Each structure stands twice: as structure tokens, then as C-alpha cells.
Amino acid sequence: MQTTLRPVELDRAQLRRRYLSNRDRTADLFGLVDPSAYYERPIGLRHPIVFYEGHIPAFSFSKLVREALRGAHLDPELERLFARGIDPASVADAARHERASWPERAHVQAFAATCDAAVLGALAAADLTDAAASPLLERGQAAFNILEHEEMHHETLLYMLHRLPLERKALAGRGAAYVERDPVASGRAIVPAGRATLGAKRDVPFAWDNEFDETPVDVAAFEMDVNDVTNGDWLAFVRAGGPVPSFWLERDGAFMLLGMFEEMPLPLTWPVYVTQTQARAYAAWRGGRLPTEAEYHRAAFGTPSGEERVFPWGDAAPTSAYGNFDFRRFDPEPVGTNPAGASAWGIHDLVGNGWEWTSTPFAPLPGFTPMASYPQYSADFFDGAHFVVKGASPVTNRHHVRRSFRNWYRPDYPYVYATFRTVNDS
């Protein structure tokens, strides 16, 4: 029997501020693109850059105003054009989505402004929680949906801009503030057997459908690396015949790292960003394996007393004091240099500095029901071809730094800001 949940009270001023803050960041990110690159596809598996300048506001308008509030169309043709991105398995599959032409940028931006005006009007005056009028409005779901959608696109947009040649970015003196620093701790930690709680209760203000229902899991004891695998660690693997990560470049016989705004000598103490397939190969070479999603939870949120923390560091809200996330930087930093963010077991950077690959295929938790405001959001990817990542990268929004948040990628997708650590049975 389904429990009736208490209605959510929305703070309209806060929703407006968050929406405008998101739009400002989106504009800043598009400001990094040289105009000559606007129609380029830095990643062959994705639409060209132009698509995303139209998609983000179009999605917000379509979900909140058109679908949830049943408002009128603004421009049906552009709404269809910018409706949804792609996640093809190969560049050949991506070619099926190519277009001969895209609208002029001024036309895209004018459409975006019209979408923004309609969304802001709805956030200011519409009934955003009238579930009787539309299931998309239950507990303000559509409003939260569009906010988190744009925040997630900031990160995925940066995956594309990272691959844009440096000469086609407006760098304006930006840099990675390259530093090397030894971690405050090293080695491995033993995490004793205990319970991990995946997912969330349905009375939270908002979560995506794949985060429900709350699911306790008994986890056997295991041993885990205190720090993420570094570029220096990976270099030894390369010298033993392992693959070169896609973020590395070879210049005059030496490896360099492709940062967001510069190429730099390979920072040996930074976490390595690799695919899940590559991470599994390294773990096997080390005589270990990748953690499961439940093991990640146990390492990140478990405690010796048996209670679980809200975050690895405790209950305090996520800030830059605890790790490299929420745009503290555009690039990683040395592993193990945020001791305040360590878990109860002394394991570092479980949130921030790079998503954490797991060995768990992305699949529904018990009790899963597609969400009314975006029924295909998760269900389209329960295909055995995507794997769960946890934690956060340097450019993951703080609103997504919650225990239940689940992200996912194909195991060979080389562009994600994802690192890993190895585990062994204890």
C-alpha cells in the first residue's frame, strides 16, 4: 500500500534564484566557445554545440510549461529540434542523428530567451504542486526536474568543451593552477562487514526515479584504496603495457595532461580519468577489482558504530571545505588533500575530484517507478550497457552531492571525469 506523502512547500524566490543562477552559468560556459566552433562536434557521440544552447531552455519550457502546466507552444519546430540529446553506442550510430544545417545562433538565443520568460513566469505565478491537475506537478517535481537537468548539463557540456582545441576556446588567461602535492594519508583501509543504504525515502523534496526506493544491503568486509588511483600509478601500468588514457597527450616522448584550459606536464599526484573498462583492467593488474555500488556506500557513509552519515564527512552541508566539487576548479587536484572530507574509515575524495566507477550495472532499485515528469530518464538506460558512478567531479553541482544520487555511463565512454580505486575481499 502506497503511503500518501506530505505536500512540499516551494520557495518561489529560491526557485527563481536557482534557475537564473543556472542560466548564468550556462551562458558563461557557452562564452568559452569561440564563435567559429559553435556548430562543431568536439565529441562525435554527441550533437554539435549549437544543440545544447537550444536544448537546455527548450527542455525547461517543455517540461514545466507545456507538459506539466499544459501551456501553449512557443515554436513547435524548435521545441522538437531541441527536445532530447543522444547516447549512441558508436560514432556510426551517432551519424544517424546528423543534420545538414542548424538554426542561426541569434535565432537559437531568441528562442531560448522566450523559453526563459515563460519558465520564469510559471515559477512566479503558476500552481507548481497541483498533482490533481497533472502528475508532473506532484511535490513540485517538474520544477525541481528542470533545475537539476540544467545543472547536470553544465558538466556534460564541459566534457565536450574539454575536447575543443585550445585555440577555439576563449581562454582569457584561465589555467589549472597546476600543483603537485603528496596526500595526507596513503595505503589501504579495511571496511568491516555492515549495512549500506542505497536510494532514498520518497518523502525527500526531490530525487530522480532511479534513486527510489531506499534499499538496505548487507556488505561483506573488504579492503579499499585510501586514495583514488593517480596518474603516477597509471603510468606504471602504461609502462607494463596498459592503455594510455584519453586525457593524456604525448609530446616529444613525454606525457602531458589535457586540462580544460591548457596542456601541462602530467600531474602524477592527480587522479587518473579513465573508462570503466580501463579501470577494470588496472584493478585486475593490481590483483583487485572495482567496488560495487553497495561497497562504495559502505566506504563513503558507513561508520564503526553502525550508523550511516549523510555525507562521508558527516551531516554538514557540502562546501568546498570538504572536496573539489561545485566548480571549485575545472580540473582535478592532488588526491588526498581534503582531509576534512574523509569518510569514517579514513578514505579520501569519495565525493569530489572525479566520479567513482563501480562494477554495478545501472539498474532499478526495488520499488522503481518511472517518474511522471521524465519517464524515460532512467528506464531507457536499464540495458546492461551502462554502469553506476558515484560521488562527484570538480564540476558536479552541490545539489547533486547527495547520498542517493546515481550517475551512469557506458563502460567505454572516454570523456567522463571519472576515476576509481581498487578493492579486495577482506
# chains A, B, ... in the order shown; residues from 1 in each chain; ligands from 1
call {"tool": "select_by_dssp", "arguments": {"residues": "region 118-334 of chain A", "states": "alpha helix (DSSP H)", "output": "PyMOL selection string"}}
result
chain A and resi 118-125+141-162+231-239+276-285+293-301
call {"tool": "residues_around", "arguments": {"residues": "His97 (chain A)", "least_positions_apart": "6", "cutoff": "12 Å", "atoms": "only C-alpha atoms", "output": "ChimeraX atom specification"}}
result
/A:44-48,51,81,84-88,90-91
call {"tool": "residues_around", "arguments": {"residues": "Leu157 (chain A)", "least_positions_apart": "5", "cutoff": "9 Å", "atoms": "only C-alpha atoms", "output": "list in words"}}
result
Leu29, Phe30, Ile49, Tyr52, Met152 and His162 of chain A
call {"tool": "closest_residue", "arguments": {"among": "A:Val119, A:Val401, A:Tyr377, A:Asn145", "to": "Gly71 (chain A)", "atoms": "only C-alpha atoms"}}
result
A:Val119
call {"tool": "select_by_dssp", "arguments": {"residues": "region 188-287 of chain A", "states": "strand (DSSP E or B)", "output": "PyMOL selection string"}}
result
chain A and resi 188-191+194-198+215-219+222-225+230+248-251+254-258+263-265+271
call {"tool": "write_last_selection", "arguments": {"atoms": "C-alpha atoms", "output": "compact mmCIF listing (two decimals), in the first residue's frame"}}
result
# COMPACT_ATOMS: atom_id res chain seq x y z
CA ARG A 188 44.51 0.94 2.13
CA ALA A 189 41.70 0.82 4.67
CA ILE A 190 39.74 -2.16 5.92
CA VAL A 191 35.99 -1.62 5.88
CA GLY A 194 27.99 -4.00 7.76
CA ARG A 195 24.92 -2.45 6.22
CA ALA A 196 24.80 0.11 3.41
CA THR A 197 21.66 2.00 2.49
CA LEU A 198 21.16 2.74 -1.18
CA THR A 215 17.28 -0.17 -0.08
CA PRO A 216 19.41 -1.61 2.74
CA VAL A 217 22.15 -4.02 1.64
CA ASP A 218 24.41 -6.20 3.77
CA VAL A 219 28.02 -5.78 2.65
CA PHE A 222 36.59 -5.50 2.11
CA GLU A 223 39.80 -3.55 1.75
CA MET A 224 39.87 -0.33 -0.30
CA ASP A 225 42.50 2.13 -1.51
CA THR A 230 46.68 8.57 -9.67
CA TRP A 248 46.84 12.15 -21.80
CA LEU A 249 48.86 13.52 -24.72
CA GLU A 250 52.35 12.53 -25.80
CA ARG A 251 54.68 15.40 -26.64
CA ALA A 254 56.78 12.73 -22.55
CA PHE A 255 53.20 12.55 -21.38
CA MET A 256 51.16 15.69 -20.89
CA LEU A 257 47.66 16.15 -19.48
CA LEU A 258 44.92 17.88 -21.40
CA GLU A 263 48.23 21.25 -21.66
CA MET A 264 50.50 20.61 -18.68
CA PRO A 265 53.20 18.17 -17.62
CA PRO A 271 43.55 11.19 -10.01
call {"tool": "residues_around", "arguments": {"residues": "region 360-375 of chain A", "least_positions_apart": "5", "cutoff": "7 Å", "atoms": "only C-alpha atoms", "output": "list in words"}}
result
Lys63, Pro135, Leu136, Gln141, Ala142, Asp209, Asn210, Phe212, Asp213, Thr292, Glu293, Phe382, Gly384, His386, Phe387, Val388 and Trp408 of chain A
call {"tool": "decode", "arguments": {"residues": "region 272-306 of chain A", "atoms": "N, CA and C atoms", "output": "CSV table (one decimal), in the first residue's frame"}}
result
chain,number,residue,atom,x,y,z
A,272,VAL,N,43.6,9.8,-11.9
A,272,VAL,CA,43.6,9.5,-13.4
A,272,VAL,C,42.1,9.4,-13.8
A,273,TYR,N,41.8,9.9,-15.0
A,273,TYR,CA,40.4,9.8,-15.5
A,273,TYR,C,40.5,8.8,-16.6
A,274,VAL,N,39.7,7.7,-16.5
A,274,VAL,CA,39.7,6.6,-17.4
A,274,VAL,C,38.3,6.1,-17.6
A,275,THR,N,38.2,5.1,-18.5
A,275,THR,CA,36.9,4.5,-18.7
A,275,THR,C,36.8,3.3,-17.7
A,276,GLN,N,35.6,2.8,-17.6
A,276,GLN,CA,35.3,1.7,-16.7
A,276,GLN,C,36.1,0.5,-17.1
A,277,THR,N,36.1,0.3,-18.5
A,277,THR,CA,36.8,-0.9,-19.0
A,277,THR,C,38.3,-0.8,-18.6
A,278,GLN,N,38.9,0.4,-18.8
A,278,GLN,CA,40.3,0.6,-18.4
A,278,GLN,C,40.5,0.4,-16.9
A,279,ALA,N,39.6,0.9,-16.1
A,279,ALA,CA,39.7,0.8,-14.7
A,279,ALA,C,39.7,-0.7,-14.3
A,280,ARG,N,38.8,-1.5,-14.9
A,280,ARG,CA,38.8,-2.9,-14.5
A,280,ARG,C,40.1,-3.6,-14.9
A,281,ALA,N,40.7,-3.2,-16.0
A,281,ALA,CA,41.9,-3.8,-16.4
A,281,ALA,C,43.0,-3.5,-15.4
A,282,TYR,N,43.1,-2.2,-15.0
A,282,TYR,CA,44.1,-1.9,-14.0
A,282,TYR,C,43.9,-2.6,-12.7
A,283,ALA,N,42.6,-2.7,-12.2
A,283,ALA,CA,42.3,-3.4,-11.0
A,283,ALA,C,42.8,-4.8,-11.1
A,284,ALA,N,42.5,-5.5,-12.2
A,284,ALA,CA,43.0,-6.9,-12.3
A,284,ALA,C,44.5,-7.0,-12.3
A,285,TRP,N,45.1,-6.0,-13.0
A,285,TRP,CA,46.6,-6.0,-13.0
A,285,TRP,C,47.2,-5.8,-11.6
A,286,ARG,N,46.5,-5.1,-10.7
A,286,ARG,CA,46.8,-4.9,-9.3
A,286,ARG,C,46.4,-6.1,-8.5
A,287,GLY,N,45.7,-7.1,-9.0
A,287,GLY,CA,45.2,-8.2,-8.2
A,287,GLY,C,43.9,-7.9,-7.5
A,288,GLY,N,43.2,-6.8,-7.9
A,288,GLY,CA,42.0,-6.5,-7.2
A,288,GLY,C,40.8,-6.3,-8.2
A,289,ARG,N,39.9,-5.5,-7.8
A,289,ARG,CA,38.6,-5.3,-8.6
A,289,ARG,C,38.1,-3.9,-8.3
A,290,LEU,N,37.0,-3.6,-9.0
A,290,LEU,CA,36.3,-2.3,-8.7
A,290,LEU,C,35.3,-2.6,-7.6
A,291,PRO,N,35.0,-1.6,-6.8
A,291,PRO,CA,34.0,-1.7,-5.8
A,291,PRO,C,32.6,-1.8,-6.4
A,292,THR,N,31.7,-2.5,-5.8
A,292,THR,CA,30.3,-2.4,-6.1
A,292,THR,C,29.7,-1.1,-5.7
A,293,GLU,N,28.5,-0.8,-6.1
A,293,GLU,CA,27.8,0.4,-5.6
A,293,GLU,C,27.6,0.3,-4.1
A,294,ALA,N,27.2,-0.9,-3.6
A,294,ALA,CA,27.0,-1.0,-2.2
A,294,ALA,C,28.3,-0.9,-1.4
A,295,GLU,N,29.4,-1.3,-1.9
A,295,GLU,CA,30.7,-1.2,-1.3
A,295,GLU,C,31.1,0.3,-1.2
A,296,TYR,N,30.8,1.0,-2.3
A,296,TYR,CA,31.0,2.5,-2.3
A,296,TYR,C,30.3,3.1,-1.2
A,297,HIS,N,29.0,2.8,-1.0
A,297,HIS,CA,28.2,3.3,0.0
A,297,HIS,C,28.7,3.0,1.4
A,298,ARG,N,29.1,1.8,1.6
A,298,ARG,CA,29.6,1.4,2.9
A,298,ARG,C,30.9,2.1,3.2
A,299,ALA,N,31.8,2.3,2.2
A,299,ALA,CA,33.0,3.0,2.4
A,299,ALA,C,32.8,4.5,2.6
A,300,ALA,N,31.8,5.1,1.9
A,300,ALA,CA,31.6,6.5,2.0
A,300,ALA,C,30.8,7.0,3.2
A,301,PHE,N,29.7,6.2,3.5
A,301,PHE,CA,28.7,6.7,4.5
A,301,PHE,C,28.7,5.8,5.8
A,302,GLY,N,29.3,4.7,5.8
A,302,GLY,CA,29.2,3.8,6.9
A,302,GLY,C,30.2,4.3,8.1
A,303,THR,N,29.9,3.8,9.3
A,303,THR,CA,30.7,4.2,10.5
A,303,THR,C,30.9,3.0,11.3
A,304,PRO,N,32.0,3.0,12.2
A,304,PRO,CA,32.2,1.9,13.1
A,304,PRO,C,31.0,1.7,14.0
A,305,SER,N,30.2,2.7,14.3
A,305,SER,CA,29.1,2.5,15.3
A,305,SER,C,27.9,1.8,14.6
A,306,GLY,N,27.9,1.7,13.3
A,306,GLY,CA,26.8,1.1,12.5
A,306,GLY,C,25.9,2.2,12.0
